Amino acid sequence: MEDALTLKVMRLRRPQAEPTVMVETPKLLLPTHVKESLVGEPFTGYLHLANHSAVSVTSVVLRVELQIGSSRFVLFDNGLSPVTIEPGAFFETDAEHELQDEGTYVLTCHVSYFTNEPCAFKRSYRFTALQPFVVVHRFAQLDSRLLVECVVENTTGGSIYLTSAELMCPDGEASLIGAFRSIILKPRGAHNLIFSVVSESDLTSCDVVGSLSLGWRVTDGPSGCTVTPVKVKPVERELCVHVVSCPRQVQVEVPFQLEVEVVNRSAKAADAYIHFDGRGSVKIHGLTQRAVGMLEPSCTKRVMLDFQASVPGIHPLRGITLVDELTQVHRDLDAICDIIAF
């Protein structure tokens, strides 16, 4: 038996700017014409139930659900107030939900009604929500402040406006260094944001410093806001390096000294030296290899190192390898600290 009702589902995506001439609000039919959505974007669906039969359709109930993973949201349900649709007439409604998670969404529409007998059918539509940005974090301690640098990169296939940025820290107060201005990022384009965080607690010992809220807008398309955690991941190694003393900030192209402590956490003695490969904006000033000497288990030694920053900014000190001459084990270290150069 053919259904008396026809269901059409359309995706509404209104442009940000008002058109100069009167045009119909654009509607995109799901799922064919919606290639992707962005996290933080408000989803708005237009649903149209039309009676193409010659008889009245009574007790019409429409239930709309949106699911991602194990999460399910009811966007519309008129089960407590069924409607009647006369021949040639229709019932319409909107369903809205903010896309807060990345992944594949399933929009499911359940329709039940009564003609000469109870009838029901279901329609499902799939679409994907992608993160508009990938964010890389770096940290540096300056006096009682924690400096957080966030490198925001556009991962979409087109240009996107970065319209706002806020670092929300539950255990401190964060402020953006410098005035924020809306900026357009081309595909794979990036923008640096530096926040100053003041807190009575040691934020570097926390797993999560806070949440970065980024507002965005697509040209002639939707706008939204995406929130990502700002995480700190400490790394421990058997043969490792800790910074003992470092200048609060340095001048570009002016040599400075950094004192480090090499720790042997293993159960065996080590004859260590430090090698620098010259990568990054902070380079070794002088010899690229510095001897540490013999290190018994659980022992430490301190070494003074000379560096020079080539450009201003917050620079991770990378390109350092610890080598044990006894075992010929090479350990490539992550950034041991950040250098603030102005």
# chains A, B, ... in the order shown; residues from 1 in each chain; ligands from 1
call {"tool": "select_by_dssp", "arguments": {"residues": "region 177-335 of chain A", "states": "strand (DSSP E)", "output": "ChimeraX atom specification"}}
result
/A:183-185,190-198,208-217,223-231,239-245,256-264,270-276,282-284,289-295,300-309,313-316,320-324,329-332
call {"tool": "residues_around", "arguments": {"residues": "Tyr105 (chain A)", "least_positions_apart": "4", "cutoff": "7 Å", "atoms": "only C-alpha atoms", "output": "PyMOL selection string"}}
result
chain A and resi 66-68+126-128
call {"tool": "write_last_selection", "arguments": {"atoms": "N, CA and C atoms", "output": "mmCIF file, in the first residue's frame"}}
result
data_model
loop_
_atom_site.group_PDB
_atom_site.id
_atom_site.type_symbol
_atom_site.label_atom_id
_atom_site.label_comp_id
_atom_site.auth_asym_id
_atom_site.auth_seq_id
_atom_site.Cartn_x
_atom_site.Cartn_y
_atom_site.Cartn_z
ATOM 1 N N LEU A 66 18.120 13.025 16.265
ATOM 2 C CA LEU A 66 19.468 13.193 15.734
ATOM 3 C C LEU A 66 20.421 12.391 16.615
ATOM 4 N N GLN A 67 21.208 11.499 16.006
ATOM 5 C CA GLN A 67 22.075 10.616 16.769
ATOM 6 C C GLN A 67 23.502 10.720 16.274
ATOM 7 N N ILE A 68 24.450 10.710 17.233
ATOM 8 C CA ILE A 68 25.869 10.578 16.933
ATOM 9 C C ILE A 68 26.456 9.648 17.990
ATOM 10 N N ARG A 126 22.070 10.819 6.588
ATOM 11 C CA ARG A 126 23.391 10.899 7.222
ATOM 12 C C ARG A 126 24.146 12.122 6.719
ATOM 13 N N PHE A 127 24.916 12.731 7.637
ATOM 14 C CA PHE A 127 25.838 13.794 7.241
ATOM 15 C C PHE A 127 26.973 13.840 8.264
ATOM 16 N N THR A 128 28.077 14.443 7.873
ATOM 17 C CA THR A 128 29.293 14.451 8.687
ATOM 18 C C THR A 128 29.596 15.858 9.185
#
call {"tool": "closest_residue", "arguments": {"among": "A:Ser298, A:Asn192, A:Ser56, A:Ser310", "to": "Val250 (chain A)", "atoms": "only C-alpha atoms"}}
result
A:Ser310
call {"tool": "closest_residue", "arguments": {"among": "A:Asp338, A:Asp306, A:Glu41, A:Glu86", "to": "Gly280 (chain A)", "atoms": "only C-alpha atoms"}}
result
A:Asp338
call {"tool": "residues_around", "arguments": {"residues": "region 182-191 of chain A", "least_positions_apart": "3", "cutoff": "9 Å", "atoms": "only C-alpha atoms", "output": "list in words"}}
result
Cys150, Val151, Val152, Glu153, Asn154, Thr155, Thr156, Gly157, Gly158, Ser159, Ile160, Tyr161, Leu162, Thr163 and Ser164 of chain A
call {"tool": "closest_residue", "arguments": {"among": "A:Arg123, A:Lys283, A:Arg302, A:His110", "to": "Asn264 (chain A)", "atoms": "only C-alpha atoms"}}
result
A:Arg302
call {"tool": "closest_residue", "arguments": {"among": "A:Leu49, A:Cys246, A:Leu107, A:Val208", "to": "Arg72 (chain A)", "atoms": "only C-alpha atoms"}}
result
A:Leu107
call {"tool": "closest_residue", "arguments": {"among": "A:Lys301, A:Arg290, A:Arg11, A:Arg181", "to": "Ser37 (chain A)", "atoms": "only C-alpha atoms"}}
result
A:Arg11
call {"tool": "residues_around", "arguments": {"residues": "Val241 (chain A)", "least_positions_apart": "3", "cutoff": "9 Å", "atoms": "only C-alpha atoms", "output": "list in words"}}
result
Arg237, Val260, Glu261, Val262, Val263, Leu322, Leu333 and Ile336 of chain A
call {"tool": "residues_around", "arguments": {"residues": "Gln100 (chain A)", "least_positions_apart": "2", "cutoff": "10 Å", "atoms": "only C-alpha atoms", "output": "JSON, numbers by chain"}}
result
{"A": [38, 39, 40, 41, 42, 97, 98, 102, 103, 129, 131, 224, 225, 226, 227]}
call {"tool": "residues_around", "arguments": {"residues": "Ile284 (chain A)", "least_positions_apart": "2", "cutoff": "12 Å", "atoms": "only C-alpha atoms", "output": "ChimeraX atom specification"}}
result
/A:253-258,274-282,286-290,304-310,317-320
call {"tool": "closest_residue", "arguments": {"among": "A:Cys169, A:Val135, A:Leu5, A:Val64", "to": "Phe90 (chain A)", "atoms": "only C-alpha atoms"}}
result
A:Leu5
